[in-house]
>>> print(open('model_19.cif').read())   # mmCIF, C-alpha atoms
data_final
loop_
_atom_site.label_atom_id
_atom_site.label_comp_id
_atom_site.auth_asym_id
_atom_site.auth_seq_id
_atom_site.Cartn_x
_atom_site.Cartn_y
_atom_site.Cartn_z
CA MET A 19 98.42 133.03 131.18
CA SER A 20 99.35 129.73 129.53
CA HIS A 21 102.44 129.52 127.35
CA PRO A 22 102.28 127.93 123.91
CA PRO A 23 103.75 124.42 123.96
CA SER A 24 107.50 124.28 123.35
CA VAL A 25 109.11 122.39 120.46
CA ALA A 26 110.07 119.56 122.86
CA GLU A 27 106.51 119.39 124.18
CA ARG A 28 104.97 119.20 120.70
CA LEU A 29 107.47 116.52 119.74
CA ASP A 30 106.59 114.56 122.88
CA ARG A 31 102.89 114.71 121.99
CA ALA A 32 103.70 113.44 118.51
CA VAL A 33 105.75 110.60 120.04
CA ASP A 34 102.75 109.78 122.24
CA GLY A 35 100.70 109.47 119.05
CA VAL A 36 103.30 107.22 117.40
CA LEU A 37 103.43 105.00 120.50
CA ASP A 38 99.65 104.78 120.39
CA GLY A 39 99.85 103.45 116.83
CA LEU A 40 99.30 106.58 114.72
CA SER A 41 101.29 107.04 111.53
CA PRO A 42 104.12 109.59 111.93
CA VAL A 43 102.42 112.01 109.50
CA VAL A 44 99.14 111.97 111.44
CA ALA A 45 100.90 112.08 114.84
CA ALA A 46 103.04 115.06 113.76
CA ALA A 47 100.08 116.93 112.31
CA SER A 48 97.84 116.38 115.34
CA ALA A 49 100.61 117.51 117.69
CA GLY A 50 101.29 120.59 115.56
CA THR A 51 105.01 119.92 115.20
CA ALA A 52 107.08 122.23 113.02
CA PRO A 53 108.01 120.87 109.55
CA GLU A 54 111.68 120.47 110.56
CA ALA A 55 110.65 118.33 113.53
CA ARG A 56 108.62 115.93 111.36
CA ARG A 57 111.69 113.90 110.46
CA LEU A 58 112.23 113.40 114.19
CA VAL A 59 108.71 111.99 114.46
CA GLU A 60 109.52 109.61 111.59
CA LEU A 61 112.69 108.64 113.41
CA ALA A 62 110.62 108.03 116.56
CA ASP A 63 108.42 105.72 114.51
CA GLY A 64 111.50 103.82 113.31
CA LEU A 65 112.78 103.48 116.89
CA CYS A 66 109.39 102.22 117.99
CA SER A 67 109.62 99.35 115.48
CA SER A 68 113.33 98.60 115.77
CA LEU A 69 114.05 98.83 119.47
CA VAL A 70 112.42 95.70 120.78
CA ALA A 71 113.02 94.51 124.32
CA PRO A 72 114.92 91.22 124.09
CA PRO A 73 112.97 88.68 126.16
CA ALA A 74 114.56 87.21 129.27
CA SER A 75 115.52 83.55 128.83
CA PRO A 76 112.83 81.13 130.05
CA ARG A 77 115.37 79.44 132.34
CA PHE A 78 116.26 82.73 134.02
CA GLU A 79 112.60 83.70 134.28
CA ALA A 80 111.70 80.40 135.95
CA ARG A 81 114.68 80.57 138.35
CA LEU A 82 113.89 84.14 139.41
CA GLY A 83 110.19 83.28 139.70
CA ALA A 84 111.08 80.45 142.10
CA ARG A 85 113.37 82.74 144.13
CA LEU A 86 110.61 85.34 144.42
CA ALA A 87 108.10 82.70 145.48
CA ALA A 88 110.50 81.48 148.18
CA ALA A 89 111.21 85.06 149.27
CA SER A 90 107.51 85.86 149.52
CA VAL A 91 106.91 82.79 151.73
CA ALA A 92 109.87 83.67 153.96
CA ARG A 93 108.58 87.23 154.24
CA ASP A 94 105.27 86.27 155.74
CA PRO A 95 105.12 82.68 157.08
CA VAL A 96 101.91 83.21 159.06
CA ALA A 97 100.03 84.58 156.06
CA TRP A 98 101.48 81.75 153.97
CA ALA A 99 100.11 79.19 156.42
CA LEU A 100 96.73 80.87 156.79
CA ARG A 101 96.05 81.07 153.06
CA HIS A 102 95.46 77.35 152.60
CA PRO A 103 93.84 75.00 155.17
CA ARG A 104 96.24 72.19 154.28
CA ARG A 105 99.22 74.41 155.06
CA LEU A 106 97.55 75.31 158.36
CA ILE A 107 97.26 71.60 159.27
CA VAL A 108 100.88 70.96 158.30
CA THR A 109 102.02 74.02 160.25
CA GLY A 110 99.95 72.87 163.27
CA ALA A 111 101.36 69.33 163.08
CA VAL A 112 104.95 70.57 162.81
CA GLY A 113 104.33 73.02 165.65
CA SER A 114 102.86 70.24 167.86
CA ALA A 115 105.71 67.87 167.08
CA VAL A 116 108.24 70.53 168.03
CA GLY A 117 106.28 71.26 171.21
CA VAL A 118 106.16 67.56 172.21
CA GLY A 119 109.87 67.21 171.49
CA VAL A 120 110.82 70.24 173.57
CA THR A 121 108.61 69.08 176.49
CA ALA A 122 110.03 65.54 176.40
CA TYR A 123 113.58 66.93 176.38
CA ALA A 124 112.81 69.24 179.32
CA VAL A 125 111.33 66.34 181.34
CA TRP A 126 114.32 64.17 180.57
CA ARG A 127 116.77 66.93 181.56
CA SER A 128 114.95 67.70 184.81
CA SER A 129 114.81 64.01 185.76
CA ARG A 130 118.58 63.70 185.19
CA ARG A 131 119.24 66.80 187.33
CA ALA A 132 116.99 65.51 190.10
CA GLY A 133 118.82 62.15 190.03
CA GLY A 134 122.19 63.92 190.24
CA ALA A 135 121.03 66.02 193.19
CA ARG A 136 119.83 62.89 195.05
CA TRP A 137 123.21 61.30 194.50
CA LEU A 138 124.96 64.39 195.97
CA ILE A 139 122.71 64.32 199.09
CA HIS A 140 123.33 60.60 199.68
CA ARG A 141 127.14 61.08 199.48
CA MET B 43 107.05 99.98 108.92
CA SER B 44 104.73 98.09 111.22
CA LEU B 45 103.84 99.68 114.52
CA ARG B 46 103.51 97.97 117.82
CA PRO B 47 101.56 100.12 120.25
CA ARG B 48 103.20 100.09 123.66
CA SER B 49 101.27 99.71 126.88
CA ARG B 50 101.25 103.18 128.41
CA ALA B 51 99.74 104.72 131.49
CA PRO B 52 96.60 106.61 130.52
CA ALA B 53 96.78 110.40 130.38
CA SER B 54 94.55 110.65 133.46
CA GLY B 55 97.40 109.12 135.47
CA ILE B 56 95.35 106.10 136.62
CA ASP B 57 97.70 103.29 137.59
CA LEU B 58 96.41 100.13 135.92
CA ASP B 59 98.66 98.01 138.16
CA LEU B 60 97.21 99.35 141.39
CA ALA B 61 94.79 96.47 142.02
CA ASP B 62 97.62 93.95 141.59
CA VAL B 63 99.89 96.00 143.85
CA ARG B 64 97.20 96.02 146.56
CA ALA B 65 96.84 92.25 146.19
CA ALA B 66 100.63 91.81 146.51
CA GLN B 67 100.64 93.99 149.64
CA ARG B 68 98.01 91.71 151.20
CA ASP B 69 99.55 88.49 149.94
CA PRO B 70 103.20 88.50 148.75
CA ALA B 71 102.48 85.49 146.51
CA ALA B 72 100.33 87.77 144.34
CA PHE B 73 103.51 89.64 143.38
CA ALA B 74 103.93 86.90 140.75
CA THR B 75 101.38 88.68 138.52
CA LEU B 76 103.42 91.90 138.52
CA TYR B 77 106.61 89.92 138.03
CA ARG B 78 105.26 88.14 134.95
CA ARG B 79 103.97 91.43 133.52
CA TYR B 80 107.23 93.31 133.88
CA VAL B 81 110.08 90.82 133.83
CA ASP B 82 110.74 91.17 130.09
CA ARG B 83 110.50 94.95 130.15
CA VAL B 84 112.81 95.36 133.12
CA TYR B 85 115.19 92.84 131.61
CA GLY B 86 115.07 94.72 128.27
CA TYR B 87 115.83 98.02 130.00
CA CYS B 88 118.77 96.47 131.86
CA PHE B 89 120.05 94.76 128.73
CA TYR B 90 119.92 97.89 126.59
CA LEU B 91 121.86 99.82 129.20
CA LEU B 92 124.34 97.11 130.26
CA GLY B 93 124.75 95.34 126.92
CA ASP B 94 125.34 91.94 128.47
CA HIS B 95 122.79 89.20 129.13
CA HIS B 96 124.45 87.98 132.31
CA ASP B 97 124.71 91.46 133.87
CA ALA B 98 121.15 92.25 132.76
CA GLU B 99 119.91 89.09 134.50
CA ASP B 100 121.73 90.08 137.70
CA ALA B 101 120.27 93.59 137.66
CA THR B 102 116.77 92.24 136.88
CA GLU B 103 116.99 89.76 139.74
CA ARG B 104 118.09 92.45 142.20
CA THR B 105 115.34 94.76 140.97
CA PHE B 106 112.53 92.26 141.58
CA LEU B 107 113.88 91.04 144.92
CA SER B 108 114.15 94.67 146.10
CA ALA B 109 110.68 95.45 144.77
CA LEU B 110 109.18 92.46 146.60
CA ALA B 111 110.95 93.45 149.82
CA ALA B 112 109.66 97.03 149.52
CA ILE B 113 106.17 96.43 148.07
CA ASP B 114 104.51 97.28 151.41
CA ARG B 115 106.10 100.71 151.28
CA TYR B 116 104.71 101.54 147.81
CA ARG B 117 102.04 104.21 148.08
CA ASP B 118 99.85 105.54 145.29
CA GLU B 119 101.00 109.14 145.56
CA GLY B 120 101.30 110.21 141.95
CA ALA B 121 104.02 107.84 140.77
CA THR B 122 102.75 104.76 138.93
CA PHE B 123 103.86 101.31 140.02
CA ARG B 124 105.88 100.83 136.86
CA SER B 125 107.76 104.10 137.32
CA TRP B 126 108.47 102.98 140.92
CA LEU B 127 109.70 99.60 139.62
CA PHE B 128 111.85 101.16 136.89
CA ARG B 129 113.25 103.56 139.47
CA ILE B 130 114.51 100.53 141.42
CA ALA B 131 115.92 99.10 138.18
CA HIS B 132 117.54 102.45 137.44
CA ASN B 133 119.29 102.40 140.82
CA GLN B 134 120.50 98.84 140.22
CA LEU B 135 121.79 99.88 136.80
CA ALA B 136 123.58 102.88 138.27
CA ASN B 137 125.36 100.54 140.70
CA ALA B 138 126.24 98.09 137.93
CA LEU B 139 127.46 100.82 135.59
CA ARG B 140 129.55 102.40 138.33
CA ALA B 141 131.11 99.03 139.08
CA ARG B 142 132.29 98.55 135.53
CA ALA B 143 132.40 102.09 134.19
CA ARG B 144 135.40 101.51 131.98
CA ARG B 145 134.69 98.19 130.36
CA ARG B 146 131.36 98.65 128.61
CA GLU B 147 131.30 97.40 125.04
CA ALA B 148 128.95 98.13 122.16
CA PRO B 149 125.78 97.09 123.94
CA ILE B 150 122.54 97.13 122.08
CA ASP B 151 123.98 96.11 118.74
CA ALA B 152 123.80 92.51 119.92
CA VAL B 153 120.02 92.47 120.36
CA ASP B 154 118.28 89.79 118.30
CA GLU B 155 116.38 91.00 115.29
CA PRO B 156 112.71 91.66 116.05
CA GLY B 157 110.12 89.60 114.23
CA ILE B 158 109.35 91.19 110.85
CA ALA B 159 106.00 90.48 109.25
CA THR B 160 106.98 90.16 105.60
CA SER B 161 107.75 87.28 103.28
CA ASP B 162 109.72 89.36 100.77
CA PRO B 163 113.42 88.51 101.36
CA ALA B 164 114.68 91.85 99.96
CA ARG B 165 112.31 93.80 102.23
CA LEU B 166 113.31 91.59 105.14
CA VAL B 167 116.97 92.51 104.62
CA ASP B 168 116.15 96.22 104.29
CA VAL B 169 114.12 96.27 107.50
CA ALA B 170 116.79 94.29 109.38
CA ASP B 171 119.51 96.66 108.11
CA GLU B 172 117.51 99.70 109.20
CA ALA B 173 116.91 98.20 112.66
CA HIS B 174 120.60 97.39 113.00
CA ARG B 175 121.55 100.95 111.99
CA LEU B 176 119.13 102.48 114.50
CA ARG B 177 120.33 100.30 117.37
CA ALA B 178 123.95 101.06 116.56
CA ALA B 179 123.12 104.79 116.58
CA VAL B 180 121.32 104.53 119.94
CA SER B 181 124.35 102.79 121.45
CA ARG B 182 126.41 105.92 120.66
CA LEU B 183 124.20 108.22 122.77
CA SER B 184 125.26 109.37 126.22
CA ASP B 185 123.88 107.34 129.15
CA ASP B 186 121.10 109.80 130.07
CA ARG B 187 119.89 110.23 126.47
CA ARG B 188 120.03 106.47 125.88
CA GLN B 189 118.03 105.85 129.05
CA VAL B 190 115.32 108.23 127.88
CA VAL B 191 115.19 106.59 124.43
CA VAL B 192 115.03 103.07 125.88
CA LEU B 193 112.43 103.90 128.55
CA ARG B 194 110.32 105.74 125.98
CA PHE B 195 110.56 103.50 122.91
CA VAL B 196 111.32 100.07 124.38
CA ASP B 197 109.33 100.24 127.61
CA GLY B 198 106.67 102.73 126.51
CA LEU B 199 106.87 104.98 129.59
CA THR B 200 105.51 108.52 129.43
CA ALA B 201 107.75 111.58 129.89
CA ARG B 202 106.31 112.01 133.37
CA GLU B 203 107.07 108.40 134.34
CA ILE B 204 110.61 108.68 132.94
CA GLY B 205 111.04 111.81 135.05
CA GLU B 206 110.04 109.79 138.13
CA VAL B 207 112.52 107.05 137.20
CA LEU B 208 115.45 109.36 136.52
CA GLY B 209 114.63 111.95 139.19
CA ARG B 210 114.09 114.76 136.65
CA SER B 211 111.18 116.99 135.74
CA GLU B 212 108.80 116.06 132.93
CA GLY B 213 110.03 119.09 130.97
CA ALA B 214 113.67 118.07 131.37
CA VAL B 215 112.83 114.59 130.02
CA ARG B 216 111.09 116.12 126.98
CA VAL B 217 114.14 118.26 126.28
CA LEU B 218 116.42 115.21 126.66
CA GLN B 219 114.18 113.26 124.28
CA HIS B 220 114.25 116.09 121.75
CA ARG B 221 118.05 116.32 121.93
CA ALA B 222 118.44 112.54 121.74
CA LEU B 223 116.27 112.37 118.60
CA ARG B 224 118.17 115.27 117.02
CA GLU B 225 121.49 113.62 117.82
CA LEU B 226 120.27 110.30 116.41
CA ALA B 227 119.10 112.02 113.24
CA GLY B 228 122.57 113.55 112.94
CA ILE B 229 124.29 110.20 113.43
CA LEU B 230 122.05 108.49 110.88
CA ASP B 231 122.30 111.24 108.27
CA PRO B 232 125.37 113.43 108.86
CA THR B 233 124.73 115.41 105.64
CA ARG B 234 121.55 117.06 106.99
#
>>> encode(input="model_19.cif", output="structure tokens")
Amino acid sequence: MSHPPSVAERLDRAVDGVLDGLSPVVAAASAGTAPEARRLVELADGLCSSLVAPPASPRFEARLGARLAAASVARDPVAWALRHPRRLIVTGAVGSAVGVGVTAYAVWRSSRRAGGARWLIHR
Amino acid sequence: MSLRPRSRAPASGIDLDLADVRAAQRDPAAFATLYRRYVDRVYGYCFYLLGDHHDAEDATERTFLSALAAIDRYRDEGATFRSWLFRIAHNQLANALRARARRREAPIDAVDEPGIATSDPARLVDVADEAHRLRAAVSRLSDDRRQVVVLRFVDGLTAREIGEVLGRSEGAVRVLQHRALRELAGILDPTR
């Protein structure tokens, strides 16, 4: 068995109507609110018009947008590189350069060690 | 008084943001669409509750960075994306309010006047006065009632979504809304 809607439920339906752009009289009537609750629907209409979200400052919005963009790249560098061919080339080039550098350093280190060992043997 | 219909989730519960959420889960850069759509609303919610632009910016920033970090974990299981996002904002606000529980000053009275579509100076003053009176009255509500009023009338969330944000049932939110409106009516007209 379904219960009849409570006062709070009827008021909420009327508020739904007001938020959808209905006049408070129409919203209250269609929701079946009691006469004493109609002034609350009118008040809801007033709140709807008066309480406006103050916009965030453009400077803040841009700064946070940039932080989010940087965070999203840091979160998924492989996906970031794969999304655009140019990024893939840059990533490949940087990766190769690092690889060449590491190899050259390893060769240099091993040649120095080998030289040192020869010197110890000859002593 | 002119009305400005708010963007609400449809009664069927379909999440209009879902396609953008899926895109952001595949490619984090696509989160920018959701950010642009909600930055003002989240900021407005934070500002109405904290009453300070600087603190509201901090809370907004933390909300979006947390949302981006957790976007992969969002699942379409009844809660809409915006109620999930506002839930994160709500948690950030709770932290901020706890941190400075004793030094909050008259918050929402400082909000700039909304644009009023009339050229009659006398009417302009009347409407601005009424808006000022309403905002001052809302600032006198308790935190939970003020949150319901702001989420409902500033951000256009449904009672169900507000319940998801605040961790309460839909019925409890409706009762809170009813009590908040009754209290506001009493503040605005103590003779009735």
>>> residues_around(input="model_19.cif", residues="B:Arg188", least_positions_apart="3", cutoff="10 Å", atoms="all atoms listed in the file", output="list in words")
Tyr90, Leu91, Ala179, Val180, Ser181, Arg182, Leu183, Ser184, Asp185, Val191, Val192, Leu193, Arg194, Leu218, Gln219 and Ala222 of chain B
>>> resolve_selection(input="model_19.cif", expression="the PyMOL selection byres ((chain A and resi 88) around 12)", output="list in words")
Arg81, Leu82, Gly83, Ala84, Arg85, Leu86, Ala87, Ala89, Ser90, Val91, Ala92, Arg93, Asp94, Pro95 and Trp98 of chain A; Pro70, Ala71, Phe73, Ala74, Leu107 and Leu110 of chain B
>>> interface_residues(input="model_19.cif", of="chain A", to="chain B", cutoff="7 Å", atoms="only C-alpha atoms", output="list in words")
Ala26, Glu27, Asp30, Leu37, Asp38, Gly39, Leu58, Leu65, Cys66, Ser67, Ser68, Leu69, Val70, Ala71, Pro72, Pro73, Ala74, Leu82, Leu86, Ala87 and Ser90 of chain A
>>> resolve_selection(input="model_19.cif", expression="the PyMOL selection byres ((chain B and resi 118) around 12)", output="list in words")
Gly55, Ile56, Asp57, Leu58, Asp59, Leu60, Ala61, Val63, Arg64, Ile113, Asp114, Arg115, Tyr116, Arg117, Glu119, Gly120, Ala121, Thr122, Phe123, Arg124, Ser125 and Trp126 of chain B
>>> residues_around(input="model_19.cif", residues="A:Pro23", least_positions_apart="3", cutoff="10 Å", atoms="all atoms listed in the file", output="list in words")
Ser20, Ala26, Glu27, Arg28, Leu29, Arg31, Ala49, Gly50 and Thr51 of chain A
>>> atom_distance(input="model_19.cif", atom1="atom CA of B:Thr105", atom2="atom CA of B:Arg129")
9.2 Å
